[in-house]
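*Asks:* Dropping in final-v7.txt, with compact mmCIF, C-alpha atoms and all ligand atoms.
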```txt
# COMPACT_ATOMS: atom_id res chain seq x y z
CA MET A 1 -11.72 24.95 -35.77
CA ASP A 2 -13.81 26.31 -38.66
CA LYS A 3 -16.84 25.73 -36.48
CA PHE A 4 -15.76 28.44 -34.03
CA LEU A 5 -15.18 32.13 -34.40
CA VAL A 6 -12.83 33.87 -31.98
CA ARG A 7 -13.43 37.56 -31.57
CA LYS A 8 -13.16 40.50 -29.23
CA ALA A 9 -16.20 40.60 -26.97
CA THR A 10 -18.88 43.26 -27.33
CA ILE A 11 -21.30 44.41 -24.65
CA ASP A 12 -23.90 42.01 -26.09
CA ASP A 13 -21.66 39.13 -25.03
CA ALA A 14 -21.49 40.27 -21.39
CA TYR A 15 -24.29 38.02 -20.13
CA TRP A 16 -22.85 34.98 -21.94
CA ILE A 17 -19.34 35.66 -20.67
CA ALA A 18 -20.68 35.74 -17.10
CA SER A 19 -22.68 32.59 -17.81
CA VAL A 20 -19.76 30.58 -19.30
CA ASN A 21 -17.62 31.72 -16.38
CA ALA A 22 -20.12 30.77 -13.64
CA ASN A 23 -21.23 27.50 -15.23
CA THR A 24 -17.71 26.25 -16.01
CA ARG A 25 -16.53 27.16 -12.52
CA HIS A 26 -19.49 25.24 -11.14
CA THR A 27 -18.72 22.06 -13.12
CA THR A 28 -14.94 22.26 -12.61
CA TYR A 29 -14.57 23.44 -9.02
CA LYS A 30 -17.32 21.31 -7.46
CA TRP A 31 -14.86 19.53 -5.16
CA LEU A 32 -12.32 22.34 -4.93
CA MET A 33 -14.30 25.30 -3.61
CA PRO A 34 -17.19 25.81 -1.19
CA GLN A 35 -20.45 24.91 -2.97
CA LYS A 36 -22.05 28.07 -1.61
CA VAL A 37 -19.52 30.31 -3.38
CA LEU A 38 -20.14 28.52 -6.68
CA GLU A 39 -23.91 28.70 -6.30
CA THR A 40 -23.79 32.39 -5.42
CA ARG A 41 -21.84 32.97 -8.62
CA LEU A 42 -24.48 31.09 -10.63
CA GLY A 43 -27.23 33.11 -8.96
CA THR A 44 -25.60 36.45 -9.68
CA ILE A 45 -24.91 36.10 -13.42
CA PRO A 46 -27.01 39.20 -14.33
CA GLU A 47 -25.15 41.40 -11.82
CA LYS A 48 -21.79 40.07 -12.92
CA ALA A 49 -22.82 40.67 -16.55
CA GLU A 50 -23.43 44.36 -15.78
CA LYS A 51 -19.89 44.66 -14.39
CA ILE A 52 -18.47 42.91 -17.43
CA LYS A 53 -20.43 45.26 -19.69
CA ASN A 54 -18.82 48.24 -17.95
CA SER A 55 -15.38 46.65 -18.25
CA ILE A 56 -15.86 46.02 -21.98
CA GLN A 57 -16.95 49.64 -22.41
CA LYS A 58 -13.73 50.69 -20.66
CA ASN A 59 -11.82 48.61 -23.20
CA ASP A 60 -10.85 45.82 -20.83
CA ARG A 61 -9.72 42.75 -22.65
CA PHE A 62 -12.31 40.06 -23.15
CA LEU A 63 -12.35 37.51 -25.94
CA VAL A 64 -15.01 34.97 -26.80
CA ALA A 65 -15.34 32.00 -29.13
CA VAL A 66 -18.73 31.41 -30.70
CA ASN A 67 -20.04 28.12 -32.08
CA LEU A 68 -21.08 29.14 -35.58
CA GLU A 69 -23.70 26.39 -35.75
CA ASN A 70 -25.83 27.83 -32.95
CA ASN A 71 -24.18 31.15 -32.01
CA GLU A 72 -23.45 29.86 -28.53
CA VAL A 73 -20.56 31.45 -26.65
CA ILE A 74 -18.44 28.43 -25.73
CA TRP A 75 -15.24 30.02 -24.43
CA MET A 76 -14.28 33.19 -22.64
CA LEU A 77 -10.91 34.69 -21.89
CA SER A 78 -10.06 37.84 -20.00
CA TYR A 79 -6.59 39.19 -19.46
CA GLY A 80 -4.73 42.36 -18.59
CA PRO A 81 -1.87 43.75 -16.51
CA SER A 82 -0.55 41.49 -13.76
CA ARG A 83 -2.13 41.83 -10.32
CA ASP A 84 0.73 39.92 -8.73
CA GLU A 85 3.27 42.13 -6.96
CA ASN A 86 6.00 39.59 -7.71
CA TYR A 87 5.43 39.99 -11.45
CA PRO A 88 4.47 43.65 -11.83
CA ASN A 89 5.51 43.95 -15.48
CA ASP A 90 3.86 40.82 -16.81
CA TRP A 91 0.48 40.20 -18.34
CA GLU A 92 -2.02 38.01 -16.55
CA ILE A 93 -4.75 35.68 -17.72
CA TYR A 94 -7.64 36.40 -15.35
CA ALA A 95 -10.06 33.78 -16.67
CA PHE A 96 -9.94 31.05 -19.30
CA TYR A 97 -13.00 28.82 -19.48
CA VAL A 98 -14.28 26.38 -22.09
CA LEU A 99 -17.87 25.20 -21.50
CA LYS A 100 -17.92 21.61 -20.25
CA GLU A 101 -19.61 20.19 -23.38
CA TYR A 102 -16.72 21.52 -25.49
CA GLN A 103 -13.79 20.51 -23.30
CA LYS A 104 -11.11 17.96 -24.32
CA LEU A 105 -11.88 18.36 -28.02
CA GLY A 106 -8.85 20.48 -28.85
CA VAL A 107 -10.83 23.74 -28.62
CA GLY A 108 -8.85 25.25 -25.72
CA LYS A 109 -5.53 24.50 -27.38
CA SER A 110 -6.43 26.03 -30.76
CA LEU A 111 -7.99 29.11 -29.20
CA PHE A 112 -5.05 29.58 -26.88
CA LEU A 113 -2.48 29.32 -29.70
CA ALA A 114 -4.47 31.68 -31.94
CA TRP A 115 -4.64 34.22 -29.15
CA ILE A 116 -0.90 33.96 -28.42
CA GLN A 117 -0.23 34.85 -32.07
CA GLU A 118 -2.25 38.04 -31.57
CA LEU A 119 -0.28 38.90 -28.46
CA LEU A 120 3.02 38.43 -30.25
CA ASN A 121 1.87 40.99 -32.81
CA LEU A 122 1.35 43.38 -29.90
CA TRP A 123 4.79 42.69 -28.47
CA TYR A 124 3.48 41.12 -25.31
CA ASN A 125 5.97 38.89 -23.59
CA ASN A 126 5.84 37.32 -20.13
CA MET A 127 2.59 36.04 -18.66
CA ILE A 128 1.26 34.66 -15.41
CA LEU A 129 -1.91 32.94 -14.34
CA ASN A 130 -3.31 31.36 -11.20
CA VAL A 131 -4.61 27.80 -11.19
CA LEU A 132 -6.53 26.47 -8.24
CA ASP A 133 -4.73 23.67 -6.41
CA TRP A 134 -5.95 20.21 -7.51
CA ASN A 135 -7.39 21.59 -10.75
CA ASN A 136 -5.87 19.25 -13.30
CA ALA A 137 -6.23 21.98 -15.93
CA ILE A 138 -2.71 22.80 -14.74
CA TRP A 139 -1.51 20.04 -17.12
CA PHE A 140 -3.06 21.92 -20.01
CA TYR A 141 -0.80 24.90 -19.30
CA GLN A 142 2.26 22.84 -18.41
CA LYS A 143 2.10 21.20 -21.84
CA PHE A 144 2.71 24.63 -23.35
CA GLY A 145 5.72 25.14 -21.09
CA TRP A 146 4.30 27.20 -18.21
CA VAL A 147 5.98 26.54 -14.88
CA VAL A 148 4.74 26.86 -11.30
CA VAL A 149 6.73 29.61 -9.60
CA TRP A 150 4.71 30.41 -6.55
CA GLU A 151 1.89 29.25 -4.31
CA LYS A 152 -0.50 31.52 -2.55
CA TYR A 153 -3.61 31.39 -0.42
CA GLU A 154 -6.69 33.44 -1.18
CA PRO A 155 -9.91 33.84 0.80
CA CYS A 156 -12.88 31.98 -0.69
CA GLY A 157 -16.11 32.16 1.29
CA LYS A 158 -15.15 31.19 4.84
CA ILE A 159 -11.97 29.33 3.96
CA MET A 160 -8.59 29.99 2.36
CA ILE A 161 -7.81 28.17 -0.88
CA LYS A 162 -4.45 27.43 -2.38
CA GLU A 163 -3.58 28.64 -5.85
CA ASN A 164 -0.53 27.87 -7.97
CA VAL A 165 0.95 30.80 -9.83
CA LEU A 166 2.20 29.77 -13.26
CA HIS A 167 4.65 31.85 -15.22
CA PHE A 168 5.63 31.86 -18.83
CA ASN A 169 8.87 33.56 -19.67
CA ASN A 170 8.63 34.84 -23.25
CA ILE A 171 5.51 33.65 -25.00
CA GLU A 172 7.45 33.41 -28.26
CA ASN A 173 8.65 30.07 -26.92
CA ILE A 174 5.22 28.60 -26.27
CA LYS A 175 5.22 24.98 -27.47
CA ASN A 176 2.44 23.79 -29.72
C1 LIG B 201 -8.46 23.67 -19.13
C2 LIG B 201 -9.22 23.99 -20.42
C3 LIG B 201 -9.17 25.46 -20.68
C4 LIG B 201 -8.54 23.21 -21.56
O1 LIG B 201 -9.29 23.38 -22.75
P1 LIG B 201 -9.73 22.10 -23.58
O2 LIG B 201 -10.40 22.55 -24.81
O3 LIG B 201 -10.51 21.20 -22.69
O4 LIG B 201 -8.32 21.43 -23.89
P2 LIG B 201 -7.81 20.74 -25.26
O5 LIG B 201 -8.81 19.70 -25.67
O6 LIG B 201 -7.48 21.77 -26.25
O7 LIG B 201 -6.51 20.00 -24.73
C5 LIG B 201 -5.18 20.37 -25.08
C6 LIG B 201 -4.24 19.43 -24.33
O8 LIG B 201 -4.34 19.65 -22.91
C7 LIG B 201 -4.74 18.46 -22.24
N1 LIG B 201 -5.74 18.80 -21.22
C8 LIG B 201 -6.75 19.67 -21.34
N2 LIG B 201 -7.44 19.76 -20.20
C9 LIG B 201 -6.85 18.89 -19.35
C10 LIG B 201 -7.12 18.51 -18.03
N3 LIG B 201 -8.11 19.04 -17.32
N4 LIG B 201 -6.32 17.60 -17.51
C11 LIG B 201 -5.30 17.05 -18.19
N5 LIG B 201 -4.99 17.37 -19.45
C12 LIG B 201 -5.77 18.29 -20.01
C13 LIG B 201 -5.40 17.59 -23.32
O9 LIG B 201 -5.31 16.22 -23.00
C14 LIG B 201 -4.61 17.96 -24.55
O10 LIG B 201 -3.40 17.24 -24.61
P3 LIG B 201 -2.75 16.77 -26.02
O11 LIG B 201 -2.45 18.06 -26.78
O12 LIG B 201 -1.54 16.02 -25.63
O13 LIG B 201 -3.80 15.95 -26.70
C15 LIG B 201 -10.71 23.53 -20.34
O14 LIG B 201 -10.76 22.13 -20.18
C16 LIG B 201 -11.47 24.20 -19.24
O15 LIG B 201 -12.04 25.27 -19.44
N6 LIG B 201 -11.53 23.54 -18.07
C17 LIG B 201 -12.36 23.96 -16.97
C18 LIG B 201 -12.07 25.35 -16.45
C19 LIG B 201 -10.65 25.56 -16.03
O16 LIG B 201 -10.12 24.84 -15.21
N7 LIG B 201 -10.06 26.59 -16.63
C20 LIG B 201 -8.73 26.98 -16.31
C21 LIG B 201 -8.76 27.89 -15.15
S1 LIG B 201 -7.13 28.44 -14.78
```
As structure tokens - that is how I would like this structure written.
*Replies:*
Amino acid sequence: MDKFLVRKATIDDAYWIASVNANTRHTTYKWLMPQKVLETRLGTIPEKAEKIKNSIQKNDRFLVAVNLENNEVIWMLSYGPSRDENYPNDWEIYAFYVLKEYQKLGVGKSLFLAWIQELLNLWYNNMILNVLDWNNAIWFYQKFGWVVVWEKYEPCGKIMIKENVLHFNNIENIKN
């Protein structure tokens, strides 16, 4: 992983965070979400970037990985307090996206494990995250030992979509 640098995001990364997010959603969720929702996201990257800039200024937690060969942001992660009323004391991964060209090369796994080490230093413990139904990325998380604890439906454009809530009880036990 010497080719990639993981670091806390700065406001200069905001546009690229929004771009990685919108583009990876577009390639991954093509058959899982209304096309219109995905295209709107792609068309509103600048607006989304402004919101992310404000969040970074407020110290919200965004991380990026940069390809040192071309300075491209190839991965974004955002996390913070749980928004799920069933897990009010946990931490939640809000977004975890590796650009399509860099997927399945071991990048996600190394970045994830490096980040977990950081969290352990901060005494973080239990975590949740939502994975869209039929997104086989769920296997990525299950390999680390996350388990599905809950299913919920969220509005998405004009339809409701199903999400699986995954929980990890004590990140010290994450398998690598
Ligand atoms: C899911 C994601 C973060 C994984 O990152 P990655 O760099 O592609 O994964 P890695 O190459 O590090 O794979 C680690 C392991 O997970 C497995 N894996 C990764 N993605 C997988 C997928 N979509 N389906 C099945 N297995 C997967 C790999 O086979 C590998 O297994 P191994 O350790 O036994 O060899 C990345 O593919 C991604 O961003 N996908 C699209 C967006 C997305 O769905 N994000 C998650 C939203 S909740």
*Asks:* Please indicate the distance in Å from CA of Thr28 in chain A to CA of Glu154 in chain A, rounded to one decimal place.
*Replies:* 18.0 Å
*Asks:* Show me which residues are within 9 Å of ligand LIG 201 (chain B) counting all atoms listed in the file, and format the list as a ChimeraX atom specification.
*Replies:* /A:21,24-25,27-29,75-76,93-100,102-112,129-132,135-144,176
*Asks:* Do you have the CA of Gly157 in chain A-CA of Pro34 in chain A distance handy?
*Replies:* 6.9 Å
*Asks:* Report, in Å to a single decimal, how far apart CA of Pro88 in chain A and CA of Arg61 in chain A are.
*Replies:* 17.9 Å
*Asks:* Fewer than 3 positions away in the same chain doesn't count, so skip those; otherwise give me all residues within 10 Å of Pro46 in chain A, counting only C-alpha atoms, as a list in words.
*Replies:* Ala14, Tyr15, Trp16, Ala18, Ser19, Arg41, Leu42, Gly43, Ala49, Glu50, Lys51 and Ile52 of chain A
*Asks:* Could you please give me, as a PyMOL selection string, the residues of protein, DNA or RNA lying at most 9 Å from (11.5, 32.8, -17.1) in the coordinate frame of the file, considering only C-alpha atoms?
*Replies:* chain A and resi 126+147+167-170
*Asks:* Would you mind telling me which residue in A:Val148, A:Ile128, A:Leu38, A:Ile11 lies nearest to Glu85 in chain A when using all atoms listed in the file?
*Replies:*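 Selected residue with least distance to Glu85 in chain A: A:Ile128.
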*Asks:* Neighbourhood query: residues within 6 Å of (-10.7, 38.5, -24.9), file coordinates, counting all atoms listed in the file; return as number ranges by chain.
*Replies:* A: 8, 61-64, 77-78
*Asks:* Excluding range 67-69 of chain A and its own-chain neighbours fewer than 2 positions away, which residues fall within 7 Å of it when counting all atoms listed in the file? Please give them as a VMD selection string.
*Replies:* chain A and resid 3 to 5 65 71 to 74
*Asks:* Which one of A:Leu119, A:Asp133, A:Glu151, A:Asn86 sits closest to Glu172 in chain A if you count all atoms listed in the file?
*Replies:* A:Leu119
*Asks:* Around range 30-46 of chain A, fit a box with edges along x, y and z, padding it by 4 Å on each side, then list its centre and edge lengths in Å to one decimal as JSON.
*Replies:*
```
{"center_x": -19.8, "center_y": 29.4, "center_z": -7.8, "size_x": 22.9, "size_y": 27.7, "size_z": 21.1}
```
*Asks:* From the list A:Trp146, A:Asn70, A:Ala114, A:Tyr124, which residue is nearest Trp91 in chain A when using all atoms listed in the file?
*Replies:*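 Ranking A:Trp146, A:Asn70, A:Ala114, A:Tyr124 by distance to Trp91 in chain A, first place goes to A:Tyr124.
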*Asks:* When distances are computed from only C-alpha atoms, which of A:Leu166, A:Ala9, A:Leu122, A:Cys156 shows the smallest separation from Thr40 in chain A?
*Replies:*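 The answer is A:Cys156, which sits nearest to Thr40 in chain A.
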